[in-house]
$ cat run.txt   # compact mmCIF, C-alpha atoms and all ligand atoms
# COMPACT_ATOMS: atom_id res chain seq x y z
CA MET L 1 11.06 -12.12 -7.83
CA THR L 2 12.78 -10.67 -4.81
CA ALA L 3 14.34 -13.13 -2.42
CA PRO L 4 13.69 -12.20 1.20
CA GLY L 5 16.66 -10.86 3.07
CA ILE L 6 18.56 -9.54 0.06
CA PRO L 7 19.43 -5.93 0.78
CA ARG L 8 17.94 -3.46 -1.67
CA SER L 9 21.34 -1.95 -2.35
CA ASP L 10 22.47 -5.15 -4.12
CA LYS L 11 20.03 -4.43 -6.92
CA ALA L 12 20.41 -2.01 -9.80
CA VAL L 13 18.57 1.26 -9.41
CA ALA L 14 15.69 1.70 -11.87
CA LEU L 15 14.47 5.14 -10.84
CA SER L 16 16.34 7.69 -8.80
CA LEU L 17 14.58 10.75 -7.38
CA THR L 18 16.60 13.67 -6.08
CA GLY L 19 15.04 16.64 -4.32
CA LEU L 20 11.85 16.03 -6.27
CA THR L 21 9.42 18.87 -5.60
CA LYS L 22 6.05 19.94 -6.99
CA ALA L 23 4.60 23.16 -5.64
CA PHE L 24 1.09 24.50 -6.21
CA GLY L 25 1.42 28.16 -5.30
CA SER L 26 3.16 28.26 -1.94
CA MET L 27 2.22 24.66 -1.04
CA ALA L 28 4.67 21.88 -1.85
CA ALA L 29 2.45 18.85 -2.61
CA VAL L 30 5.67 16.87 -3.13
CA ASP L 31 8.43 18.25 -0.96
CA ALA L 32 12.09 17.51 -1.80
CA ILE L 33 11.78 13.72 -2.04
CA ASP L 34 14.92 11.58 -2.40
CA LEU L 35 14.43 7.89 -3.24
CA ASP L 36 16.03 5.08 -5.20
CA ILE L 37 13.63 2.49 -6.62
CA ALA L 38 15.30 -0.82 -7.41
CA GLU L 39 14.96 -2.80 -10.62
CA GLY L 40 12.13 -5.31 -10.26
CA GLU L 41 11.02 -3.94 -6.92
CA PHE L 42 7.41 -3.75 -5.73
CA LEU L 43 7.41 -0.40 -3.95
CA THR L 44 4.21 0.86 -2.38
CA ILE L 45 3.65 4.48 -1.39
CA VAL L 46 1.09 4.77 1.41
CA GLY L 47 -0.42 7.97 2.73
CA PRO L 48 -3.71 9.61 3.66
CA SER L 49 -5.77 11.56 1.15
CA GLY L 50 -4.03 14.78 0.17
CA SER L 51 -0.53 13.64 1.21
CA GLY L 52 0.77 14.06 -2.37
CA LYS L 53 0.72 10.47 -3.69
CA SER L 54 -1.00 11.23 -7.00
CA THR L 55 1.11 14.33 -7.53
CA LEU L 56 4.25 12.24 -7.04
CA VAL L 57 3.14 9.45 -9.38
CA ARG L 58 2.21 12.01 -12.06
CA LEU L 59 5.76 13.34 -11.87
CA LEU L 60 7.17 9.81 -12.11
CA ALA L 61 4.97 8.95 -15.09
CA GLY L 62 5.83 12.22 -16.84
CA LEU L 63 2.29 13.65 -16.79
CA ASP L 64 3.52 16.71 -14.88
CA ALA L 65 6.87 18.46 -14.64
CA PRO L 66 8.41 19.04 -11.20
CA THR L 67 9.06 22.49 -9.77
CA ALA L 68 12.52 21.35 -8.69
CA GLY L 69 14.64 18.22 -8.46
CA SER L 70 15.32 15.42 -10.91
CA ILE L 71 14.24 11.95 -11.99
CA ARG L 72 16.82 9.57 -13.44
CA LEU L 73 16.03 6.30 -15.20
CA ARG L 74 19.06 4.00 -14.93
CA GLY L 75 21.24 7.08 -14.63
CA ALA L 76 19.73 9.00 -17.55
CA ASP L 77 17.95 12.24 -16.68
CA ILE L 78 14.28 11.93 -17.75
CA THR L 79 12.92 14.82 -15.65
CA ARG L 80 11.58 16.67 -18.71
CA VAL L 81 10.80 13.64 -20.89
CA PRO L 82 7.03 13.49 -21.56
CA ALA L 83 4.91 10.49 -20.56
CA ASN L 84 4.59 8.99 -24.05
CA ARG L 85 8.37 8.81 -24.39
CA ARG L 86 8.98 7.10 -21.04
CA PRO L 87 9.09 3.28 -20.78
CA THR L 88 6.37 3.43 -18.15
CA ALA L 89 2.63 2.87 -17.86
CA LEU L 90 0.09 4.18 -15.36
CA VAL L 91 -3.03 2.36 -14.12
CA PHE L 92 -5.66 4.55 -12.44
CA GLN L 93 -8.62 3.89 -10.21
CA SER L 94 -10.96 5.18 -12.90
CA LEU L 95 -9.77 2.76 -15.53
CA ALA L 96 -10.42 5.02 -18.53
CA LEU L 97 -11.35 2.07 -20.73
CA PHE L 98 -13.13 2.84 -23.99
CA ASP L 99 -16.66 1.61 -23.32
CA HIS L 100 -17.69 1.53 -26.98
CA LYS L 101 -14.82 -0.83 -27.88
CA THR L 102 -14.22 -4.53 -27.35
CA VAL L 103 -11.73 -5.94 -24.86
CA GLY L 104 -9.33 -6.65 -27.74
CA GLN L 105 -9.64 -3.13 -29.15
CA ASN L 106 -8.96 -1.66 -25.72
CA ILE L 107 -5.83 -3.75 -25.25
CA GLU L 108 -4.61 -3.04 -28.78
CA PHE L 109 -5.32 0.70 -28.77
CA ALA L 110 -1.76 1.90 -28.17
CA MET L 111 -0.31 -0.68 -30.58
CA LYS L 112 -2.74 0.49 -33.27
CA MET L 113 -1.70 4.13 -32.68
CA LYS L 114 1.90 3.03 -33.18
CA GLY L 115 0.97 1.52 -36.55
CA ILE L 116 1.47 -2.13 -35.60
CA ALA L 117 -0.37 -4.41 -38.06
CA PRO L 118 -3.59 -6.25 -37.01
CA ASP L 119 -2.11 -9.77 -36.94
CA PRO L 120 0.82 -9.13 -34.57
CA ARG L 121 -1.48 -6.90 -32.51
CA ARG L 122 -3.93 -9.72 -32.06
CA VAL L 123 -1.17 -12.17 -31.16
CA ARG L 124 0.11 -9.78 -28.52
CA ALA L 125 -3.43 -9.12 -27.19
CA MET L 126 -3.91 -12.87 -26.75
CA GLU L 127 -0.66 -13.10 -24.80
CA LEU L 128 -1.78 -10.22 -22.61
CA LEU L 129 -5.20 -11.80 -21.97
CA ALA L 130 -3.38 -14.92 -20.80
CA LEU L 131 -1.02 -12.81 -18.67
CA VAL L 132 -3.94 -11.31 -16.73
CA ARG L 133 -5.76 -14.67 -16.70
CA LEU L 134 -8.72 -13.72 -18.87
CA PRO L 135 -10.07 -16.37 -21.32
CA ALA L 136 -9.08 -15.87 -24.98
CA HIS L 137 -12.71 -15.51 -26.10
CA TYR L 138 -12.97 -12.26 -24.10
CA TYR L 139 -11.03 -10.70 -26.98
CA SER L 140 -14.22 -9.93 -28.91
CA ARG L 141 -16.45 -9.15 -25.92
CA ALA L 142 -17.77 -5.64 -25.33
CA VAL L 143 -15.89 -4.13 -22.43
CA THR L 144 -19.26 -3.02 -20.97
CA SER L 145 -20.24 -6.69 -20.55
CA CYS L 146 -17.28 -7.31 -18.21
CA SER L 147 -17.53 -7.31 -14.42
CA GLY L 148 -15.56 -4.83 -12.29
CA GLY L 149 -12.75 -7.33 -11.71
CA GLU L 150 -12.59 -8.25 -15.39
CA ARG L 151 -12.43 -4.58 -16.37
CA GLN L 152 -9.56 -4.16 -13.96
CA ARG L 153 -7.76 -7.04 -15.68
CA VAL L 154 -8.40 -5.50 -19.12
CA ALA L 155 -6.86 -2.24 -17.85
CA LEU L 156 -3.85 -4.21 -16.60
CA ALA L 157 -3.47 -5.98 -19.94
CA ARG L 158 -3.62 -2.61 -21.68
CA ALA L 159 -0.95 -1.21 -19.37
CA PHE L 160 1.35 -4.12 -20.23
CA ALA L 161 0.69 -3.79 -23.99
CA SER L 162 3.52 -1.30 -24.53
CA ASP L 163 5.88 -3.64 -22.61
CA PRO L 164 6.74 -0.93 -20.04
CA GLU L 165 9.74 -1.34 -17.78
CA ILE L 166 8.01 0.36 -14.87
CA LEU L 167 4.31 0.26 -14.00
CA PHE L 168 2.66 2.86 -11.81
CA PHE L 169 -0.63 2.15 -10.08
CA ASP L 170 -2.60 4.97 -8.49
CA GLU L 171 -5.13 3.37 -6.12
CA PRO L 172 -6.39 1.00 -8.84
CA LEU L 173 -8.43 -1.18 -6.48
CA SER L 174 -9.95 1.37 -4.12
CA ALA L 175 -13.34 1.47 -5.88
CA LEU L 176 -13.77 -2.32 -5.73
CA ASP L 177 -15.49 -4.31 -3.00
CA TYR L 178 -13.44 -6.03 -0.31
CA ARG L 179 -13.40 -9.57 -1.70
CA LEU L 180 -12.52 -8.51 -5.22
CA ARG L 181 -9.82 -6.22 -3.88
CA LYS L 182 -8.28 -9.07 -1.89
CA THR L 183 -8.31 -11.34 -4.96
CA LEU L 184 -6.74 -8.70 -7.19
CA GLU L 185 -4.06 -7.86 -4.57
CA VAL L 186 -2.86 -11.46 -4.76
CA GLU L 187 -3.07 -11.45 -8.57
CA LEU L 188 -1.10 -8.21 -8.82
CA LYS L 189 1.63 -9.59 -6.61
CA ASP L 190 1.68 -12.73 -8.72
CA LEU L 191 1.80 -10.65 -11.92
CA HIS L 192 4.73 -8.74 -10.49
CA GLN L 193 6.59 -11.95 -9.79
CA ARG L 194 5.84 -13.47 -13.20
CA THR L 195 6.84 -10.37 -15.18
CA GLY L 196 9.79 -9.19 -13.05
CA LYS L 197 8.83 -5.56 -13.83
CA THR L 198 9.27 -2.67 -11.44
CA PHE L 199 5.95 -1.79 -9.77
CA VAL L 200 5.29 1.48 -7.98
CA TYR L 201 1.92 1.19 -6.27
CA ILE L 202 -0.07 3.92 -4.54
CA THR L 203 -2.65 3.25 -1.86
CA HIS L 204 -4.10 4.80 1.29
CA SER L 205 -4.29 1.32 2.87
CA LEU L 206 -1.26 0.10 4.76
CA GLU L 207 -2.96 -3.29 4.99
CA GLU L 208 -2.99 -3.50 1.18
CA ALA L 209 0.65 -2.43 1.07
CA MET L 210 1.65 -5.09 3.60
CA VAL L 211 0.21 -7.86 1.39
CA MET L 212 2.00 -6.95 -1.82
CA SER L 213 5.13 -4.93 -1.30
CA ASP L 214 8.86 -5.53 -1.10
CA ARG L 215 9.17 -2.09 0.39
CA ILE L 216 6.80 0.57 1.68
CA ALA L 217 7.22 4.36 1.78
CA ILE L 218 4.86 6.15 4.17
CA MET L 219 3.97 9.62 2.91
CA ARG L 220 2.75 12.60 4.92
CA ALA L 221 2.37 16.17 3.63
CA GLY L 222 4.62 15.65 0.61
CA ARG L 223 7.42 13.83 2.41
CA PHE L 224 8.33 10.27 3.30
CA VAL L 225 8.20 9.71 7.04
CA GLN L 226 9.40 6.09 6.87
CA VAL L 227 10.72 3.80 4.14
CA GLY L 228 11.29 0.13 4.87
CA ASP L 229 10.21 -3.45 4.29
CA PRO L 230 6.75 -4.44 5.60
CA ALA L 231 8.16 -6.35 8.56
CA SER L 232 10.22 -3.43 9.83
CA ILE L 233 7.36 -0.97 9.42
CA TYR L 234 5.07 -3.33 11.30
CA SER L 235 7.50 -4.03 14.11
CA ALA L 236 9.15 -0.60 14.34
CA PRO L 237 6.89 2.24 13.20
CA ALA L 238 8.94 5.44 13.13
CA ASN L 239 6.34 7.62 14.80
CA ARG L 240 2.72 7.85 15.93
CA PHE L 241 1.57 8.79 12.43
CA VAL L 242 2.93 5.53 10.96
CA ALA L 243 1.60 3.50 13.89
CA SER L 244 -1.88 5.00 13.54
CA PHE L 245 -1.90 3.80 9.91
CA MET L 246 -1.61 0.21 11.03
CA GLY L 247 -5.31 0.16 11.91
CA GLU L 248 -5.67 -2.51 14.54
CA VAL L 249 -3.02 -1.38 16.97
CA ASN L 250 -3.11 0.15 20.46
CA ILE L 251 -1.55 3.57 20.98
CA LEU L 252 -1.20 4.76 24.58
CA THR L 253 -0.11 8.23 25.65
CA VAL L 254 2.79 8.59 28.08
CA VAL L 255 2.67 11.53 30.54
CA PRO L 256 4.73 12.41 33.61
CA GLY L 257 2.96 11.49 36.86
CA PRO L 258 2.82 13.69 39.99
CA ASP L 259 6.25 12.40 41.09
CA GLY L 260 7.73 12.90 37.61
CA THR L 261 7.85 9.22 36.65
CA PRO L 262 6.10 8.28 33.38
CA ARG L 263 2.57 6.92 33.38
CA PHE L 264 0.16 5.63 30.75
CA ALA L 265 -2.33 8.50 30.72
CA GLU L 266 -5.44 6.60 29.66
CA LEU L 267 -4.82 3.66 32.00
CA ASP L 268 -3.46 5.69 34.94
CA VAL L 269 -0.72 3.12 35.65
CA PRO L 270 3.09 3.51 35.66
CA ALA L 271 4.97 3.25 32.34
CA PRO L 272 8.40 2.22 33.58
CA GLY L 273 11.23 2.69 31.08
CA ALA L 274 9.12 4.78 28.69
CA ARG L 275 11.26 6.12 25.83
CA GLY L 276 8.77 8.21 23.86
CA ALA L 277 5.53 10.11 23.99
CA TYR L 278 3.48 7.10 22.89
CA ALA L 279 3.49 3.34 23.41
CA VAL L 280 2.49 1.24 20.40
CA LEU L 281 1.20 -2.19 21.29
CA ARG L 282 0.05 -4.80 18.82
CA PRO L 283 -3.17 -6.69 19.64
CA GLU L 284 -1.35 -10.00 20.14
CA ALA L 285 0.89 -8.41 22.80
CA LEU L 286 -2.14 -7.93 25.04
CA GLN L 287 -3.07 -11.17 26.81
CA THR L 288 -5.15 -12.22 29.82
CA ASP L 289 -3.51 -12.32 33.25
CA THR L 290 0.14 -11.81 32.27
CA GLY L 291 2.70 -9.09 31.72
CA ASP L 292 4.62 -6.27 33.37
CA VAL L 293 1.68 -3.89 33.06
CA ARG L 294 -1.67 -5.21 34.30
CA ILE L 295 -4.94 -3.55 33.38
CA SER L 296 -8.49 -4.06 34.63
CA CYS L 297 -10.69 -4.37 31.58
CA ARG L 298 -14.30 -4.87 30.63
CA VAL L 299 -14.95 -6.85 27.47
CA ARG L 300 -16.90 -4.74 25.00
CA GLN L 301 -17.01 -6.99 21.96
CA VAL L 302 -15.64 -10.36 20.84
CA ALA L 303 -14.93 -11.60 17.31
CA LEU L 304 -13.80 -15.12 16.43
CA LEU L 305 -11.05 -15.20 13.81
CA GLY L 306 -10.71 -18.91 13.20
CA SER L 307 -7.99 -20.06 15.60
CA ARG L 308 -7.81 -16.68 17.38
CA THR L 309 -10.21 -14.34 19.11
CA GLN L 310 -10.20 -10.58 18.75
CA VAL L 311 -11.40 -8.70 21.83
CA MET L 312 -12.37 -5.06 22.14
CA LEU L 313 -11.79 -3.88 25.70
CA ASP L 314 -12.69 -0.83 27.77
CA ALA L 315 -9.79 -0.05 30.11
CA GLY L 316 -9.81 3.24 32.00
CA ALA L 317 -10.16 5.96 29.37
CA ALA L 318 -8.79 3.69 26.63
CA GLN L 319 -10.38 1.31 24.20
CA LEU L 320 -7.96 -1.52 23.56
CA ILE L 321 -7.85 -4.32 21.05
CA ALA L 322 -6.39 -7.68 21.99
CA GLU L 323 -5.95 -10.87 20.04
CA VAL L 324 -5.73 -14.11 22.00
CA PRO L 325 -5.28 -17.72 20.88
CA GLY L 326 -8.30 -20.02 20.77
CA ALA L 327 -11.76 -19.01 21.95
CA PRO L 328 -11.62 -18.64 25.76
CA ALA L 329 -15.04 -19.10 27.37
CA SER L 330 -14.31 -16.23 29.79
CA LEU L 331 -14.32 -13.72 26.93
CA VAL L 332 -17.93 -12.62 26.69
CA PRO L 333 -19.24 -9.06 26.39
CA GLY L 334 -19.51 -7.44 29.82
CA ALA L 335 -16.96 -9.72 31.49
CA GLU L 336 -14.53 -7.98 33.88
CA LEU L 337 -11.01 -9.37 33.77
CA SER L 338 -7.35 -8.49 33.83
CA PHE L 339 -5.26 -8.13 30.70
CA GLY L 340 -1.58 -7.24 30.54
CA PHE L 341 1.45 -6.81 28.35
CA ALA L 342 5.22 -7.11 28.55
CA LEU L 343 7.17 -3.85 28.36
CA SER L 344 9.50 -5.62 25.90
CA ASP L 345 6.56 -5.80 23.45
CA VAL L 346 6.10 -2.04 23.45
CA THR L 347 7.40 0.15 20.62
CA TRP L 348 7.99 3.65 21.94
CA VAL L 349 7.46 6.44 19.43
CA ASP L 350 7.12 10.21 19.30
CA GLU L 351 4.66 12.33 17.35
P1 LIG Q 401 -3.23 12.21 -2.73
O1 LIG Q 401 -3.13 11.54 -4.06
O2 LIG Q 401 -2.25 11.69 -1.73
O3 LIG Q 401 -4.63 12.18 -2.17
P2 LIG Q 401 -2.67 14.62 -4.22
O4 LIG Q 401 -1.32 14.40 -4.79
O5 LIG Q 401 -3.84 14.43 -5.14
O6 LIG Q 401 -2.84 13.75 -2.91
O7 LIG Q 401 -2.75 16.09 -3.64
C1 LIG Q 401 -1.76 16.60 -2.76
C2 LIG Q 401 -2.07 18.06 -2.48
O8 LIG Q 401 -1.85 18.82 -3.65
C3 LIG Q 401 -3.49 18.31 -2.05
O9 LIG Q 401 -3.50 19.33 -1.07
C4 LIG Q 401 -4.15 18.79 -3.32
O10 LIG Q 401 -5.23 19.64 -3.05
C5 LIG Q 401 -3.03 19.54 -4.02
N1 LIG Q 401 -3.13 19.51 -5.48
C6 LIG Q 401 -3.06 18.41 -6.26
N2 LIG Q 401 -3.17 18.74 -7.56
C7 LIG Q 401 -3.30 20.10 -7.60
C8 LIG Q 401 -3.43 21.05 -8.67
N3 LIG Q 401 -3.44 20.66 -9.94
N4 LIG Q 401 -3.52 22.34 -8.32
C9 LIG Q 401 -3.49 22.74 -7.02
N5 LIG Q 401 -3.36 21.89 -5.98
C10 LIG Q 401 -3.27 20.59 -6.25
MG MG Q 402 -4.57 10.44 -5.14

$ encode --input "run.txt" --output "structure tokens" --more "lines below"
Ligand code: ADP
Ligand code: MG
Amino acid sequence: MTAPGIPRSDKAVALSLTGLTKAFGSMAAVDAIDLDIAEGEFLTIVGPSGSGKSTLVRLLAGLDAPTAGSIRLRGADITRVPANRRPTALVFQSLALFDHKTVGQNIEFAMKMKGIAPDPRRVRAMELLALVRLPAHYYSRAVTSCSGGERQRVALARAFASDPEILFFDEPLSALDYRLRKTLEVELKDLHQRTGKTFVYITHSLEEAMVMSDRIAIMRAGRFVQVGDPASIYSAPANRFVASFMGEVNILTVVPGPDGTPRFAELDVPAPGARGAYAVLRPEALQTDTGDVRISCRVRQVALLGSRTQVMLDAGAAQLIAEVPGAPASLVPGAELSFGFALSDVTWVDE
């Protein structure tokens, strides 16, 4: 388990990537990536479809060889070592379970291939069922009789069967429904803490990454545009691309006004002290009747979130999202009122 606040550099490096590149023709799907992954870390790589996440994880798992660069495992060069000789395991979205086999046979498959005898195999399979919190009697169940979440747990148990030092996950939850995904996110994080293994997790959802990770790398067109802990990515996105990944966030464009001073383009109000092409503003920074920048808004939609209320607002040419405490009676669709924000709450970024 990683204690908060301990700098990554205090930990031993598990995997070290230097100039790692994979080109398909003239296109570098992974483009000269440098990264150290710490022992026991939960690192999540987040990027849109096509940004090179799967290509990168295939290089790390040894399923593909890079065009250039190297991969070291605790200092030893493993760049050309094939997948079956690396102490790693990969969990996919399509779980690739054997449907004609039982849960136990699926978990034991690799052990059987290695020639491990039935009794120790079964003992280990039972341990692994417990690890992923499946009841022992699932051992003899047909894998086809398992629910989606249970199948995901069987795949996890199978990945742990070879006792890998590093586990790679390539969007393993993206085909599951929201509730199940949320449950499994928490279980994966818990599994990481209980096993102390190094996890490298791939997703296109920054929200998912925020829940689980010690550290997040944001990927765009084969490169990392920002690497940091969830809190620093949330509070200080490096550019508009990272900010736009945060989903529920306001991004305003800064343009020079007629007199040369900066203005918020969509709101047509001054942007004093602007230090970038865009202002990123979290929903909770936007409140009624306060702030350095005041905006006339019309309430479009209201959603109660327990002790807070989320408000969608039309303001000039912008659609804004605000999150206010409680459930103010004034916030009803169609209401005209003033919202505002403090300039100190703005993160200024460039493209
Ligand atoms: P992601 O997993 O982030 O969606 P991928 O790593 O699958 O992205 O793909 C990154 C880029 O590399 C895409 O443009 C994709 O079309 C290309 N690509 C991936 N695999 C191959 C391949 N085997 N041959 C040619 N192009 C590929
Ligand atoms: Mg992919």

$ closest_residue --input "run.txt" --among "L:Ile202, L:Leu337, L:Ala136, L:Ala175" --to "ligand MG 402 (chain Q)" --atoms "only C-alpha atoms and all ligand atoms"
L:Ile202

$ closest_residue --input "run.txt" --among "L:Ala265, L:Ala28, L:Ile116, L:Val46" --to "ligand MG 402 (chain Q)" --atoms "only C-alpha atoms and all ligand atoms"
L:Val46

$ closest_residue --input "run.txt" --among "L:Val13, L:Val30, L:Val324, L:Leu35" --to "ligand LIG 401 (chain Q)" --atoms "only C-alpha atoms and all ligand atoms"
L:Val30

$ atom_distance --input "run.txt" --atom1 "atom CA of Ile45 of chain L" --atom2 "atom CA of Glu150 of chain L"
24.9 Å

$ residues_near_ligand --input "run.txt" --ligand "ligand LIG 401 (chain Q)" --cutoff "9 Å" --atoms "all atoms listed in the file" --output "PDB file with C-alpha atoms, keeping the file's coordinate frame"
ATOM      1  CA  LYS L  22       6.050  19.940  -6.990  1.00  0.00           C
ATOM      2  CA  ALA L  23       4.600  23.160  -5.640  1.00  0.00           C
ATOM      3  CA  PHE L  24       1.090  24.500  -6.210  1.00  0.00           C
ATOM      4  CA  GLY L  25       1.420  28.160  -5.300  1.00  0.00           C
ATOM      5  CA  MET L  27       2.220  24.660  -1.040  1.00  0.00           C
ATOM      6  CA  ALA L  28       4.670  21.880  -1.850  1.00  0.00           C
ATOM      7  CA  ALA L  29       2.450  18.850  -2.610  1.00  0.00           C
ATOM      8  CA  VAL L  30       5.670  16.870  -3.130  1.00  0.00           C
ATOM      9  CA  VAL L  46       1.090   4.770   1.410  1.00  0.00           C
ATOM     10  CA  GLY L  47      -0.420   7.970   2.730  1.00  0.00           C
ATOM     11  CA  PRO L  48      -3.710   9.610   3.660  1.00  0.00           C
ATOM     12  CA  SER L  49      -5.770  11.560   1.150  1.00  0.00           C
ATOM     13  CA  GLY L  50      -4.030  14.780   0.170  1.00  0.00           C
ATOM     14  CA  SER L  51      -0.530  13.640   1.210  1.00  0.00           C
ATOM     15  CA  GLY L  52       0.770  14.060  -2.370  1.00  0.00           C
ATOM     16  CA  LYS L  53       0.720  10.470  -3.690  1.00  0.00           C
ATOM     17  CA  SER L  54      -1.000  11.230  -7.000  1.00  0.00           C
ATOM     18  CA  THR L  55       1.110  14.330  -7.530  1.00  0.00           C
ATOM     19  CA  LEU L  56       4.250  12.240  -7.040  1.00  0.00           C
ATOM     20  CA  VAL L  57       3.140   9.450  -9.380  1.00  0.00           C
ATOM     21  CA  ARG L  58       2.210  12.010 -12.060  1.00  0.00           C
ATOM     22  CA  ASP L 170      -2.600   4.970  -8.490  1.00  0.00           C
ATOM     23  CA  GLU L 171      -5.130   3.370  -6.120  1.00  0.00           C
ATOM     24  CA  ILE L 202      -0.070   3.920  -4.540  1.00  0.00           C
ATOM     25  CA  THR L 203      -2.650   3.250  -1.860  1.00  0.00           C
ATOM     26  CA  HIS L 204      -4.100   4.800   1.290  1.00  0.00           C
ATOM     27  CA  MET L 219       3.970   9.620   2.910  1.00  0.00           C
ATOM     28  CA  ARG L 220       2.750  12.600   4.920  1.00  0.00           C
ATOM     29  CA  ALA L 221       2.370  16.170   3.630  1.00  0.00           C
ATOM     30  CA  GLY L 222       4.620  15.650   0.610  1.00  0.00           C
TER      31      GLY L 222
END

$ residues_around --input "run.txt" --residues "Glu207 of chain L" --least-positions-apart "3" --cutoff "9 Å" --atoms "only C-alpha atoms" --output "short mmCIF file (atom, residue, chain, number, x, y, z; two decimals) with C-alpha atoms, in the coordinates of the input"
data_model
loop_
_atom_site.label_atom_id
_atom_site.label_comp_id
_atom_site.auth_asym_id
_atom_site.auth_seq_id
_atom_site.Cartn_x
_atom_site.Cartn_y
_atom_site.Cartn_z
CA HIS L 204 -4.10 4.80 1.29
CA MET L 210 1.65 -5.09 3.60
CA VAL L 211 0.21 -7.86 1.39
CA PHE L 245 -1.90 3.80 9.91
CA MET L 246 -1.61 0.21 11.03
CA GLY L 247 -5.31 0.16 11.91
#

$ closest_residue --input "run.txt" --among "L:Gly228, L:Pro262, L:Pro82, L:Pro172" --to "ligand MG 402 (chain Q)" --atoms "only C-alpha atoms and all ligand atoms"
L:Pro172

$ atom_distance --input "run.txt" --atom1 "atom CA of Ala335 of chain L" --atom2 "atom CA of Leu305 of chain L"
19.4 Å
